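K.L.:
Contents of work_26.cif (mmCIF, C-alpha atoms) are below:
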```cif
data_run
#
loop_
_atom_site.label_atom_id
_atom_site.label_comp_id
_atom_site.auth_asym_id
_atom_site.auth_seq_id
_atom_site.Cartn_x
_atom_site.Cartn_y
_atom_site.Cartn_z
CA MET D 20 -21.91 -30.67 -6.93
CA ASN D 21 -22.39 -30.94 -10.73
CA SER D 22 -20.35 -28.90 -13.18
CA GLU D 23 -23.19 -26.45 -13.93
CA THR D 24 -23.72 -25.69 -10.24
CA ALA D 25 -19.98 -25.24 -9.73
CA LYS D 26 -19.87 -22.88 -12.71
CA THR D 27 -22.76 -20.81 -11.33
CA GLU D 28 -21.14 -20.61 -7.90
CA THR D 29 -17.80 -19.54 -9.37
CA LEU D 30 -19.49 -16.88 -11.50
CA ALA D 31 -21.38 -15.56 -8.45
CA ARG D 32 -18.19 -15.28 -6.41
CA GLN D 33 -16.28 -13.61 -9.23
CA THR D 34 -19.08 -11.11 -9.79
CA ILE D 35 -19.21 -10.23 -6.09
CA GLU D 36 -15.43 -9.81 -5.96
CA SER D 37 -15.61 -7.55 -9.02
CA LEU D 38 -18.43 -5.48 -7.50
CA VAL D 39 -16.49 -4.98 -4.28
CA ARG D 40 -13.38 -4.00 -6.19
CA GLU D 41 -14.90 -1.80 -8.88
CA ASP D 42 -18.30 -0.62 -7.61
CA TRP D 43 -18.06 -0.61 -3.82
CA GLY D 44 -17.55 3.16 -3.62
CA ARG D 45 -20.35 3.93 -6.06
CA LEU D 46 -22.82 1.60 -4.30
CA LEU D 47 -21.90 2.78 -0.82
CA ALA D 48 -22.07 6.44 -1.86
CA ALA D 49 -25.55 5.92 -3.29
CA LEU D 50 -26.69 4.20 -0.09
CA ILE D 51 -25.26 6.89 2.17
CA ALA D 52 -27.00 9.55 0.08
CA ARG D 53 -30.33 7.78 0.69
CA LEU D 54 -29.81 6.66 4.28
CA GLY D 55 -27.77 9.56 5.64
CA ASP D 56 -25.76 7.17 7.83
CA PHE D 57 -22.28 5.83 7.02
CA GLN D 58 -22.39 2.84 9.36
CA LEU D 59 -25.94 1.79 8.48
CA ALA D 60 -25.10 2.01 4.76
CA GLU D 61 -21.97 -0.11 5.13
CA ASP D 62 -23.69 -2.71 7.30
CA ALA D 63 -26.61 -2.93 4.87
CA LEU D 64 -24.27 -3.30 1.90
CA GLN D 65 -22.44 -6.13 3.66
CA ASP D 66 -25.80 -7.78 4.35
CA GLY D 67 -26.66 -7.37 0.68
CA LEU D 68 -23.43 -9.06 -0.39
CA GLU D 69 -24.20 -12.03 1.84
CA SER D 70 -27.66 -12.32 0.29
CA ALA D 71 -26.20 -11.99 -3.20
CA LEU D 72 -23.86 -14.91 -2.59
CA VAL D 73 -26.79 -17.14 -1.54
CA HIS D 74 -29.28 -16.05 -4.22
CA TRP D 75 -26.88 -15.85 -7.18
CA ARG D 76 -25.39 -19.26 -6.46
CA ARG D 77 -28.90 -20.74 -6.45
CA ASN D 78 -30.66 -18.69 -9.16
CA GLY D 79 -27.86 -17.29 -11.31
CA LEU D 80 -26.94 -13.65 -11.85
CA PRO D 81 -29.63 -10.96 -12.16
CA ARG D 82 -29.79 -8.70 -15.22
CA SER D 83 -27.95 -5.93 -13.34
CA PRO D 84 -25.99 -7.28 -10.35
CA ALA D 85 -25.11 -3.77 -9.10
CA ALA D 86 -28.74 -2.56 -9.17
CA TRP D 87 -29.91 -5.82 -7.50
CA LEU D 88 -27.33 -5.36 -4.77
CA LEU D 89 -28.26 -1.71 -4.16
CA GLN D 90 -31.96 -2.53 -3.89
CA THR D 91 -31.31 -5.48 -1.59
CA ALA D 92 -29.01 -3.39 0.60
CA ARG D 93 -31.71 -0.74 0.94
CA ARG D 94 -34.18 -3.43 2.08
CA LYS D 95 -31.59 -4.71 4.54
CA ALA D 96 -31.28 -1.17 5.88
CA ILE D 97 -35.05 -1.04 6.38
CA ASP D 98 -34.84 -4.31 8.33
CA ARG D 99 -32.05 -2.93 10.50
CA ILE D 100 -33.98 0.27 11.22
CA ARG D 101 -37.06 -1.77 12.18
CA ARG D 102 -35.00 -3.77 14.64
CA ALA D 103 -33.52 -0.63 16.23
CA THR D 104 -34.74 0.53 19.64
CA ASN D 105 -35.76 3.94 18.28
CA PHE D 106 -37.94 2.38 15.57
CA ARG D 107 -40.90 4.76 16.06
CA SER D 108 -38.78 7.86 15.45
CA LYS D 109 -37.70 6.31 12.14
CA GLU D 110 -41.15 5.46 10.75
CA ASP D 111 -41.15 8.34 8.26
CA GLU D 112 -37.69 7.36 7.06
CA ILE D 113 -38.78 3.74 6.56
CA ALA D 114 -41.88 4.83 4.66
CA HIS D 115 -39.72 6.95 2.34
CA LEU D 116 -37.29 4.08 1.69
CA MET D 117 -40.15 1.65 1.04
CA GLU D 118 -41.69 4.13 -1.38
CA GLN D 119 -38.40 4.32 -3.29
CA ASP D 120 -38.21 0.55 -3.35
CA ALA D 121 -41.75 0.23 -4.71
CA GLU D 122 -41.05 2.81 -7.42
CA GLU D 123 -38.00 0.90 -8.60
CA MET D 124 -39.91 -2.40 -8.58
CA ALA D 125 -42.56 -0.83 -10.81
CA MET D 126 -39.97 0.26 -13.35
CA GLU D 127 -39.43 -2.09 -16.25
CA ALA D 128 -35.95 -0.77 -17.03
CA THR D 129 -33.03 -1.39 -14.71
CA PRO D 130 -32.77 1.65 -12.42
CA GLU D 131 -29.69 3.79 -12.93
CA ILE D 132 -27.39 4.02 -9.93
CA PRO D 133 -26.61 7.68 -9.23
CA ASP D 134 -22.91 8.43 -8.85
CA GLU D 135 -22.55 10.08 -5.46
CA ARG D 136 -18.82 9.36 -5.08
CA LEU D 137 -17.75 12.99 -5.32
CA ARG D 138 -19.83 13.82 -2.24
CA LEU D 139 -18.42 10.75 -0.50
CA ILE D 140 -14.81 11.78 -1.24
CA PHE D 141 -15.28 15.24 0.22
CA THR D 142 -17.06 13.88 3.29
CA CYS D 143 -14.34 11.32 4.00
CA CYS D 144 -11.66 14.00 3.61
CA HIS D 145 -13.40 16.67 5.68
CA PRO D 146 -10.91 18.82 7.67
CA ALA D 147 -12.81 18.08 10.90
CA LEU D 148 -11.53 14.48 10.79
CA ALA D 149 -8.02 13.54 11.90
CA PRO D 150 -5.61 13.12 8.94
CA LYS D 151 -5.10 9.39 9.48
CA SER D 152 -8.86 8.88 9.81
CA ARG D 153 -9.43 10.64 6.49
CA THR D 154 -6.99 8.28 4.82
CA ALA D 155 -8.43 5.14 6.39
CA LEU D 156 -12.04 6.15 5.71
CA THR D 157 -11.26 6.95 2.07
CA LEU D 158 -9.67 3.54 1.57
CA ARG D 159 -12.57 1.79 3.30
CA THR D 160 -15.51 3.58 1.72
CA LEU D 161 -14.23 4.46 -1.74
CA GLY D 162 -11.66 1.75 -2.26
CA GLY D 163 -13.55 -1.09 -0.64
CA LEU D 164 -10.42 -2.25 1.22
CA SER D 165 -11.13 -4.37 4.27
CA THR D 166 -10.27 -3.13 7.74
CA SER D 167 -7.53 -5.76 8.01
CA GLU D 168 -5.99 -4.64 4.69
CA ILE D 169 -5.89 -1.00 5.83
CA ALA D 170 -4.49 -2.01 9.23
CA ARG D 171 -1.69 -4.00 7.58
CA ALA D 172 -0.82 -1.11 5.29
CA PHE D 173 -0.41 1.28 8.23
CA LEU D 174 1.05 -1.28 10.66
CA ASP D 175 -1.91 -0.95 13.05
CA SER D 176 -3.78 -3.76 14.73
CA GLU D 177 -7.07 -4.62 13.08
CA GLN D 178 -8.91 -3.72 16.29
CA ALA D 179 -7.26 -0.29 16.49
CA MET D 180 -8.08 0.44 12.84
CA ALA D 181 -11.68 -0.74 13.29
CA GLN D 182 -12.06 1.62 16.25
CA ARG D 183 -10.58 4.47 14.23
CA LEU D 184 -13.08 3.90 11.43
CA VAL D 185 -16.00 3.69 13.87
CA ARG D 186 -14.92 6.96 15.53
CA ALA D 187 -14.65 8.69 12.15
CA LYS D 188 -18.14 7.60 11.09
CA ARG D 189 -19.53 8.58 14.48
CA LYS D 190 -17.95 12.02 14.23
CA ILE D 191 -19.46 12.56 10.78
CA LYS D 192 -22.88 11.76 12.24
CA GLN D 193 -22.57 13.62 15.55
CA ALA D 194 -20.91 16.71 14.09
CA ALA D 195 -23.42 16.69 11.20
CA ILE D 196 -20.60 16.91 8.66
CA PRO D 197 -22.51 17.64 5.44
CA TYR D 198 -22.62 15.02 2.72
CA VAL D 199 -22.08 17.58 -0.04
CA VAL D 200 -19.63 18.80 -2.63
CA PRO D 201 -18.25 22.13 -1.31
CA GLN D 202 -19.35 25.42 -2.82
CA ARG D 203 -17.04 27.20 -5.25
CA GLU D 204 -15.64 29.51 -2.58
CA GLN D 205 -14.53 26.49 -0.53
CA TRP D 206 -13.55 24.34 -3.48
CA ASP D 207 -9.81 25.02 -3.78
CA GLU D 208 -9.11 24.55 -0.08
CA ARG D 209 -11.18 21.39 0.25
CA LEU D 210 -9.86 19.92 -3.00
CA GLN D 211 -6.32 20.28 -1.63
CA THR D 212 -7.38 18.26 1.42
CA VAL D 213 -8.71 15.49 -0.82
CA LEU D 214 -5.59 15.49 -3.00
CA ASN D 215 -3.35 15.46 0.07
CA VAL D 216 -5.15 12.34 1.36
CA LEU D 217 -4.76 10.57 -1.99
CA TYR D 218 -1.07 11.49 -2.19
CA LEU D 219 -0.55 10.32 1.38
CA ILE D 220 -2.02 6.94 0.42
CA PHE D 221 0.29 6.77 -2.59
CA ASN D 222 3.36 7.74 -0.57
CA GLU D 223 2.61 5.14 2.08
CA GLY D 224 2.75 2.53 -0.65
CA TYR D 225 5.63 3.98 -2.66
CA PHE D 226 8.10 5.50 -0.22
CA SER D 227 7.49 3.50 2.96
CA SER D 228 9.46 0.29 3.40
CA HIS D 229 7.23 -0.87 6.28
CA GLY D 230 5.17 -3.99 5.81
CA ASP D 231 4.70 -6.45 2.99
CA ALA D 232 5.86 -5.32 -0.48
CA GLN D 233 2.66 -6.57 -2.13
CA VAL D 234 0.55 -4.55 0.31
CA ARG D 235 2.59 -1.44 -0.45
CA VAL D 236 2.26 -1.85 -4.22
CA GLY D 237 -1.48 -2.38 -3.77
CA LEU D 238 -1.73 0.82 -1.76
CA SER D 239 0.00 2.89 -4.46
CA ASN D 240 -2.17 1.32 -7.15
CA GLU D 241 -5.27 2.08 -5.08
CA ALA D 242 -4.24 5.75 -4.77
CA ILE D 243 -3.80 5.95 -8.55
CA ARG D 244 -7.17 4.26 -9.10
CA LEU D 245 -8.96 6.62 -6.69
CA THR D 246 -7.34 9.65 -8.34
CA ARG D 247 -8.52 8.40 -11.75
CA ILE D 248 -12.05 8.14 -10.29
CA LEU D 249 -11.81 11.69 -8.96
CA LEU D 250 -10.62 12.92 -12.36
CA THR D 251 -13.56 11.15 -14.04
CA LEU D 252 -15.92 12.96 -11.66
CA LYS D 253 -14.19 16.35 -12.14
CA PRO D 254 -12.47 16.09 -15.54
CA ASP D 255 -11.43 19.75 -15.90
CA GLU D 256 -9.43 20.16 -12.68
CA ALA D 257 -5.76 20.73 -13.49
CA GLU D 258 -4.55 19.84 -9.99
CA ILE D 259 -6.22 16.42 -10.11
CA GLU D 260 -4.45 15.85 -13.43
CA GLY D 261 -1.22 17.10 -11.87
CA LEU D 262 -1.48 14.65 -8.99
CA LEU D 263 -2.28 11.72 -11.27
CA ALA D 264 0.69 12.60 -13.49
CA LEU D 265 2.96 12.89 -10.47
CA MET D 266 1.90 9.48 -9.15
CA LEU D 267 2.37 7.80 -12.53
CA LEU D 268 5.81 9.36 -13.05
CA HIS D 269 6.95 8.35 -9.57
CA ASP D 270 5.51 4.87 -9.94
CA SER D 271 7.25 4.39 -13.28
CA ARG D 272 10.55 4.15 -11.34
CA ARG D 273 9.37 1.47 -8.91
CA GLY D 274 11.17 -1.39 -10.67
CA ALA D 275 14.54 0.35 -10.39
CA ARG D 276 14.34 1.58 -6.79
CA GLU D 277 15.72 -1.61 -5.25
CA ASP D 278 18.49 -3.96 -6.36
CA GLN D 279 18.18 -7.75 -6.53
CA ASN D 280 19.06 -7.99 -2.82
CA GLY D 281 16.32 -5.56 -1.79
CA PHE D 282 18.64 -2.61 -1.09
CA MET D 283 17.50 0.89 -2.08
CA VAL D 284 19.10 2.39 -5.20
CA ALA D 285 19.58 6.17 -5.35
CA LEU D 286 18.01 7.99 -8.32
CA GLU D 287 21.42 8.78 -9.83
CA HIS D 288 22.35 5.07 -9.92
CA GLN D 289 19.04 3.64 -11.12
CA ASP D 290 18.95 1.64 -14.34
CA ARG D 291 16.61 3.77 -16.43
CA ASP D 292 15.92 0.87 -18.76
CA LEU D 293 13.90 -0.56 -15.87
CA TRP D 294 11.62 2.49 -15.74
CA ASP D 295 8.08 1.88 -17.03
CA GLY D 296 7.88 3.73 -20.35
CA GLU D 297 4.11 3.36 -20.63
CA LYS D 298 3.52 5.03 -17.27
CA ILE D 299 5.99 7.79 -18.17
CA GLU D 300 4.13 8.47 -21.42
CA GLN D 301 0.77 8.50 -19.63
CA GLY D 302 2.11 10.83 -16.95
CA LEU D 303 3.66 13.26 -19.44
CA ASN D 304 0.46 13.40 -21.53
CA ILE D 305 -1.74 14.06 -18.49
CA LEU D 306 0.69 16.68 -17.18
CA GLU D 307 0.77 18.48 -20.53
CA ARG D 308 -3.04 18.62 -20.54
CA ALA D 309 -3.00 20.04 -17.00
CA LEU D 310 -0.40 22.72 -17.75
CA LEU D 311 -2.32 23.90 -20.81
CA ARG D 312 -5.17 24.91 -18.49
CA ARG D 313 -2.86 27.64 -17.11
CA THR D 314 -4.06 27.26 -13.52
CA PRO D 315 -0.81 26.21 -11.81
CA GLY D 316 -0.78 24.42 -8.48
CA PRO D 317 1.61 22.45 -6.28
CA TYR D 318 0.87 19.02 -7.74
CA GLN D 319 1.36 20.21 -11.31
CA ILE D 320 4.71 21.75 -10.31
CA GLN D 321 5.84 18.57 -8.56
CA GLY D 322 4.68 16.64 -11.61
CA ALA D 323 6.79 18.93 -13.83
CA ILE D 324 9.85 18.26 -11.64
CA SER D 325 9.27 14.52 -11.89
CA ALA D 326 8.78 14.87 -15.67
CA LEU D 327 12.24 16.45 -16.04
CA HIS D 328 13.75 13.41 -14.32
CA ALA D 329 11.73 11.08 -16.55
CA GLN D 330 12.80 12.83 -19.75
CA ALA D 331 16.55 12.94 -18.98
CA LYS D 332 18.65 10.14 -20.48
CA ASP D 333 20.76 10.04 -17.31
CA HIS D 334 21.27 11.82 -13.98
CA ASP D 335 23.92 14.23 -15.24
CA SER D 336 21.88 15.43 -18.23
CA THR D 337 18.85 16.32 -16.07
CA ASP D 338 17.81 19.97 -16.43
CA TRP D 339 18.75 20.83 -12.85
CA SER D 340 18.52 24.61 -13.42
CA GLN D 341 14.87 24.32 -14.42
CA ILE D 342 14.21 22.08 -11.41
CA VAL D 343 15.68 24.78 -9.13
CA GLN D 344 13.32 27.32 -10.72
CA LEU D 345 10.33 25.01 -10.33
CA TYR D 346 11.08 24.66 -6.61
CA ASP D 347 10.85 28.46 -6.38
CA GLU D 348 7.37 28.20 -7.87
CA LEU D 349 6.47 25.38 -5.50
CA PHE D 350 7.63 27.46 -2.54
CA ARG D 351 5.01 30.08 -3.43
CA PHE D 352 2.32 27.46 -2.79
CA GLN D 353 4.10 25.56 0.00
CA PRO D 354 6.45 27.94 1.83
CA ASN D 355 8.16 25.39 4.06
CA PRO D 356 11.79 24.37 4.70
CA VAL D 357 11.37 20.90 3.15
CA VAL D 358 10.73 22.49 -0.26
CA ARG D 359 13.89 24.57 0.21
CA LEU D 360 15.84 21.44 1.18
CA ASN D 361 14.82 19.71 -2.04
CA GLN D 362 15.71 22.84 -4.01
CA ILE D 363 19.15 22.95 -2.39
CA ALA D 364 19.78 19.34 -3.40
CA ALA D 365 18.94 20.28 -7.01
CA LEU D 366 21.11 23.41 -6.73
CA SER D 367 24.12 21.25 -5.86
CA TYR D 368 23.89 19.71 -9.36
CA ALA D 369 22.81 22.88 -11.18
CA GLN D 370 25.73 24.93 -9.74
CA SER D 371 27.94 23.41 -7.05
CA PRO D 372 27.79 21.35 -3.83
CA LYS D 373 29.73 24.12 -2.03
CA LEU D 374 27.08 26.75 -2.82
CA ALA D 375 24.36 24.29 -1.80
CA LEU D 376 26.14 23.60 1.48
CA ASP D 377 26.25 27.33 2.24
CA ARG D 378 22.48 27.59 1.59
CA LEU D 379 21.81 24.54 3.76
CA ARG D 380 22.93 26.40 6.89
CA GLU D 381 19.79 28.54 6.67
CA LEU D 382 17.66 25.43 7.36
CA GLU D 383 19.69 23.96 10.21
CA GLN D 384 17.43 25.18 13.01
CA ASP D 385 14.13 24.33 11.31
CA LEU D 386 15.20 20.83 10.24
CA ALA D 387 17.45 19.81 13.12
CA THR D 388 15.61 16.51 13.68
CA TYR D 389 14.63 15.85 10.04
CA GLN D 390 16.49 12.82 8.70
CA PRO D 391 16.67 13.91 5.02
CA PHE D 392 18.34 17.18 6.09
CA HIS D 393 21.26 15.29 7.62
CA ALA D 394 21.41 12.83 4.71
CA THR D 395 21.56 15.76 2.26
CA ARG D 396 24.23 17.51 4.30
CA ALA D 397 26.28 14.29 4.48
CA ASP D 398 26.14 13.96 0.69
CA LEU D 399 27.15 17.60 0.15
CA LEU D 400 30.01 17.37 2.65
CA HIS D 401 31.23 14.20 0.94
CA ARG D 402 31.14 15.87 -2.48
CA THR D 403 33.15 18.83 -1.16
CA GLY D 404 35.79 16.51 0.30
CA ARG D 405 34.92 16.96 3.99
CA ILE D 406 34.88 13.26 4.85
CA ASN D 407 35.03 13.48 8.65
CA ALA D 408 32.14 15.97 8.83
CA ALA D 409 30.19 13.87 6.31
CA GLU D 410 30.63 10.78 8.50
CA VAL D 411 29.11 12.66 11.46
CA SER D 412 26.10 13.71 9.35
CA TYR D 413 25.61 10.22 7.94
CA ASN D 414 25.58 8.76 11.45
CA ARG D 415 23.05 11.39 12.56
CA ALA D 416 20.83 10.58 9.56
CA ILE D 417 21.05 6.87 10.34
CA GLU D 418 20.15 7.55 13.97
CA LEU D 419 17.05 9.51 12.90
CA SER D 420 15.89 6.92 10.31
CA GLY D 421 12.77 5.05 11.33
CA GLU D 422 12.96 2.37 8.64
CA GLU D 423 15.49 -0.44 8.37
CA LYS D 424 15.87 -0.12 4.59
CA THR D 425 16.67 3.57 4.89
CA ARG D 426 19.25 2.87 7.60
CA ALA D 427 20.81 0.16 5.42
CA PHE D 428 20.90 2.51 2.42
CA LEU D 429 22.63 5.28 4.39
CA SER D 430 25.03 2.83 6.05
CA GLN D 431 25.93 1.54 2.59
CA LYS D 432 26.68 5.07 1.37
CA LEU D 433 28.74 5.78 4.47
CA GLY D 434 30.74 2.58 4.00
CA ARG D 435 31.48 3.35 0.35
CA MET D 436 32.62 6.88 1.25
CA LEU D 437 34.96 5.64 3.98
CA ARG D 438 36.43 3.09 1.57
CA GLY D 439 37.02 5.85 -0.96
CA GLU D 440 34.71 4.31 -3.58
#
```
In structure tokens, write the structure found in this file.

P.N.:
Amino acid sequence: MNSETAKTETLARQTIESLVREDWGRLLAALIARLGDFQLAEDALQDGLESALVHWRRNGLPRSPAAWLLQTARRKAIDRIRRATNFRSKEDEIAHLMEQDAEEMAMEATPEIPDERLRLIFTCCHPALAPKSRTALTLRTLGGLSTSEIARAFLDSEQAMAQRLVRAKRKIKQAAIPYVVPQREQWDERLQTVLNVLYLIFNEGYFSSHGDAQVRVGLSNEAIRLTRILLTLKPDEAEIEGLLALMLLHDSRRGAREDQNGFMVALEHQDRDLWDGEKIEQGLNILERALLRRTPGPYQIQGAISALHAQAKDHDSTDWSQIVQLYDELFRFQPNPVVRLNQIAALSYAQSPKLALDRLRELEQDLATYQPFHATRADLLHRTGRINAAEVSYNRAIELSGEEKTRAFLSQKLGRMLRGE
């Protein structure tokens, strides 16, 4: 292989990798809009990528690689439909696709690829799909992650994740889930579903200690990237801005969340010099823009709470009273005991651990098997001097912890308390 051929091959591979990373969602969304079939669109796009690798290595890159790939994928879809057993029932569809292809061939300018990603996002996150399927399908179709990458992130076998994705696509087809952006009257409810999926992806990468660290970081970065895409598609939505700000502010603390031995470090003990100042600035600016729209929502409120942590020079100087008030606002949108638990933790610093401990009793029945409840109670009991009772709560929290790093963190706190440190 001469140097020129090697250079062409390298350029072809790099371009394909870039297209998969940056344009997969846009290309797939455009194909689904034309074909009306998730699986056919994905298979055709994969076929197109294989053709691209062969043709571009031999002939060099086309003027517009993305447009070339979309057109080739559409032709591959036509080939697949022709080979199908129900070919005759698809003749009109094939004729329509061939007509589109001929029109684009006749155009001298490179055809513009329509951006159908907003429709794709809402279809992937439709309430009729199981929550885990929404997450996996969003990562596969919009993010371009491979099935094996998604499986590793969620500690599933590749076969199980592949089956989940197939079932989700089949349900979209069989249940005739519409490939549309919801009407205004459905917008707020459906947008929350989309945002919840994106935040779930982020949390899996940020808070979970399961799996490989690089996979987890990649998952959080993917959630941030997808949220940026959503904000580009709907630039005036305050809650999208709120979620993006919240993710950036959380992610700014990633470098301080573990010590050099891999043990978790509590927020109050984190070295704030290790926080990412650029992400904090980005998050604060986006949050300010969202709040100026005066359409408050749960992600903006959570972002505001995270912003107060980011702006404080240390744990003690945090504006805990304002955080307590913000949790009251959050409870209006999300009236659940977990919000109250977080508020009680903030109350222990705003007023006193004794008052917080009294309020905690109200949640005992609802959160009896919730690990953070027992960890919070252990901390409050410790701070009020009730060491024996705190030891019982720490042991219960450790027993309920599903992750080894969390158990190690709580065991470490228990050990320090018993040693009087």

K.L.:
List the residues matched by the PyMOL selection byres ((chain D and resi 248-252) around 10) in the displayed structure as a list in words, ordered by chain and then by residue number.

P.N.:
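Selected by the PyMOL selection byres ((chain D and resi 248-252) around 10) here: Gly44, Asp134, Glu135, Arg136, Leu137, Ile140, Leu161, Val213, Leu214, Leu217, Ala242, Ile243, Arg244, Leu245, Thr246, Arg247, Lys253, Pro254, Asp255, Glu256, Ala257, Glu258, Ile259, Glu260, Leu262 and Leu263 of chain D.
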
K.L.:
Please save C-alpha atoms of the selected residues as a PDB file, in the frame of the given file.

P.N.:
```pdb
ATOM      1  CA  GLY D  44     -17.550   3.160  -3.620  1.00  0.00           C
ATOM      2  CA  ASP D 134     -22.910   8.430  -8.850  1.00  0.00           C
ATOM      3  CA  GLU D 135     -22.550  10.080  -5.460  1.00  0.00           C
ATOM      4  CA  ARG D 136     -18.820   9.360  -5.080  1.00  0.00           C
ATOM      5  CA  LEU D 137     -17.750  12.990  -5.320  1.00  0.00           C
ATOM      6  CA  ILE D 140     -14.810  11.780  -1.240  1.00  0.00           C
ATOM      7  CA  LEU D 161     -14.230   4.460  -1.740  1.00  0.00           C
ATOM      8  CA  VAL D 213      -8.710  15.490  -0.820  1.00  0.00           C
ATOM      9  CA  LEU D 214      -5.590  15.490  -3.000  1.00  0.00           C
ATOM     10  CA  LEU D 217      -4.760  10.570  -1.990  1.00  0.00           C
ATOM     11  CA  ALA D 242      -4.240   5.750  -4.770  1.00  0.00           C
ATOM     12  CA  ILE D 243      -3.800   5.950  -8.550  1.00  0.00           C
ATOM     13  CA  ARG D 244      -7.170   4.260  -9.100  1.00  0.00           C
ATOM     14  CA  LEU D 245      -8.960   6.620  -6.690  1.00  0.00           C
ATOM     15  CA  THR D 246      -7.340   9.650  -8.340  1.00  0.00           C
ATOM     16  CA  ARG D 247      -8.520   8.400 -11.750  1.00  0.00           C
ATOM     17  CA  LYS D 253     -14.190  16.350 -12.140  1.00  0.00           C
ATOM     18  CA  PRO D 254     -12.470  16.090 -15.540  1.00  0.00           C
ATOM     19  CA  ASP D 255     -11.430  19.750 -15.900  1.00  0.00           C
ATOM     20  CA  GLU D 256      -9.430  20.160 -12.680  1.00  0.00           C
ATOM     21  CA  ALA D 257      -5.760  20.730 -13.490  1.00  0.00           C
ATOM     22  CA  GLU D 258      -4.550  19.840  -9.990  1.00  0.00           C
ATOM     23  CA  ILE D 259      -6.220  16.420 -10.110  1.00  0.00           C
ATOM     24  CA  GLU D 260      -4.450  15.850 -13.430  1.00  0.00           C
ATOM     25  CA  LEU D 262      -1.480  14.650  -8.990  1.00  0.00           C
ATOM     26  CA  LEU D 263      -2.280  11.720 -11.270  1.00  0.00           C
TER      27      LEU D 263
END
```

K.L.:
Take the PyMOL selection byres ((chain D and resi 39) around 12), run it mentally on this structure, and tell me the resulting residues as a PyMOL selection string.

P.N.:
chain D and resi 32-38+40-47+61+64-65+67-68+84-85+88+159-165

K.L.:
Can you work out the spacing between atom CA of Arg396 of chain D and atom CA of Arg426 of chain D in Å, to one decimal?

P.N.:
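The value is 15.8 Å.
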
K.L.:
Pick out the closest residue to Ala71 of chain D from this set: D:Ser336, D:Thr29, D:Thr91, D:Ser271. Count all atoms listed in the file.

P.N.:
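Nearest candidate to Ala71 of chain D out of D:Ser336, D:Thr29, D:Thr91, D:Ser271: D:Thr91.
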
K.L.:
Would you work out the distance separating atom CA of Leu360 of chain D from atom CA of Asn240 of chain D, expressed in Å to one decimal?

P.N.:
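Here the two named atoms are 28.3 Å from each other.
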
K.L.:
My structure is short of atoms at segment 272-283 of chain D; please model N, CA and C atoms there, returning them as a PDB file, in the frame of the given file.

P.N.:
```pdb
ATOM      1  N   ARG D 272       9.184   4.473 -11.774  1.00  0.00           N
ATOM      2  CA  ARG D 272      10.550   4.150 -11.340  1.00  0.00           C
ATOM      3  C   ARG D 272      10.582   3.007 -10.326  1.00  0.00           C
ATOM      4  N   ARG D 273       9.435   2.465  -9.986  1.00  0.00           N
ATOM      5  CA  ARG D 273       9.370   1.470  -8.910  1.00  0.00           C
ATOM      6  C   ARG D 273      10.314   0.292  -9.150  1.00  0.00           C
ATOM      7  N   GLY D 274      10.371  -0.203 -10.371  1.00  0.00           N
ATOM      8  CA  GLY D 274      11.170  -1.390 -10.670  1.00  0.00           C
ATOM      9  C   GLY D 274      12.663  -1.190 -10.549  1.00  0.00           C
ATOM     10  N   ALA D 275      13.098   0.065 -10.468  1.00  0.00           N
ATOM     11  CA  ALA D 275      14.540   0.350 -10.390  1.00  0.00           C
ATOM     12  C   ALA D 275      14.959   0.854  -9.016  1.00  0.00           C
ATOM     13  N   ARG D 276      14.032   0.958  -8.082  1.00  0.00           N
ATOM     14  CA  ARG D 276      14.340   1.580  -6.790  1.00  0.00           C
ATOM     15  C   ARG D 276      15.051   0.646  -5.817  1.00  0.00           C
ATOM     16  N   GLU D 277      15.018  -0.652  -6.096  1.00  0.00           N
ATOM     17  CA  GLU D 277      15.720  -1.610  -5.250  1.00  0.00           C
ATOM     18  C   GLU D 277      16.531  -2.559  -6.125  1.00  0.00           C
ATOM     19  N   ASP D 278      17.695  -2.992  -5.602  1.00  0.00           N
ATOM     20  CA  ASP D 278      18.490  -3.960  -6.360  1.00  0.00           C
ATOM     21  C   ASP D 278      17.984  -5.368  -6.092  1.00  0.00           C
ATOM     22  N   GLN D 279      18.667  -6.371  -6.654  1.00  0.00           N
ATOM     23  CA  GLN D 279      18.180  -7.750  -6.530  1.00  0.00           C
ATOM     24  C   GLN D 279      18.227  -8.275  -5.108  1.00  0.00           C
ATOM     25  N   ASN D 280      18.986  -7.590  -4.228  1.00  0.00           N
ATOM     26  CA  ASN D 280      19.060  -7.990  -2.820  1.00  0.00           C
ATOM     27  C   ASN D 280      18.091  -7.203  -1.936  1.00  0.00           C
ATOM     28  N   GLY D 281      17.300  -6.333  -2.553  1.00  0.00           N
ATOM     29  CA  GLY D 281      16.320  -5.560  -1.790  1.00  0.00           C
ATOM     30  C   GLY D 281      16.845  -4.267  -1.225  1.00  0.00           C
ATOM     31  N   PHE D 282      18.094  -3.869  -1.588  1.00  0.00           N
ATOM     32  CA  PHE D 282      18.640  -2.610  -1.090  1.00  0.00           C
ATOM     33  C   PHE D 282      18.173  -1.455  -1.976  1.00  0.00           C
ATOM     34  N   MET D 283      17.933  -0.295  -1.341  1.00  0.00           N
ATOM     35  CA  MET D 283      17.500   0.890  -2.080  1.00  0.00           C
ATOM     36  C   MET D 283      18.588   1.355  -3.031  1.00  0.00           C
TER      37      MET D 283
END
```
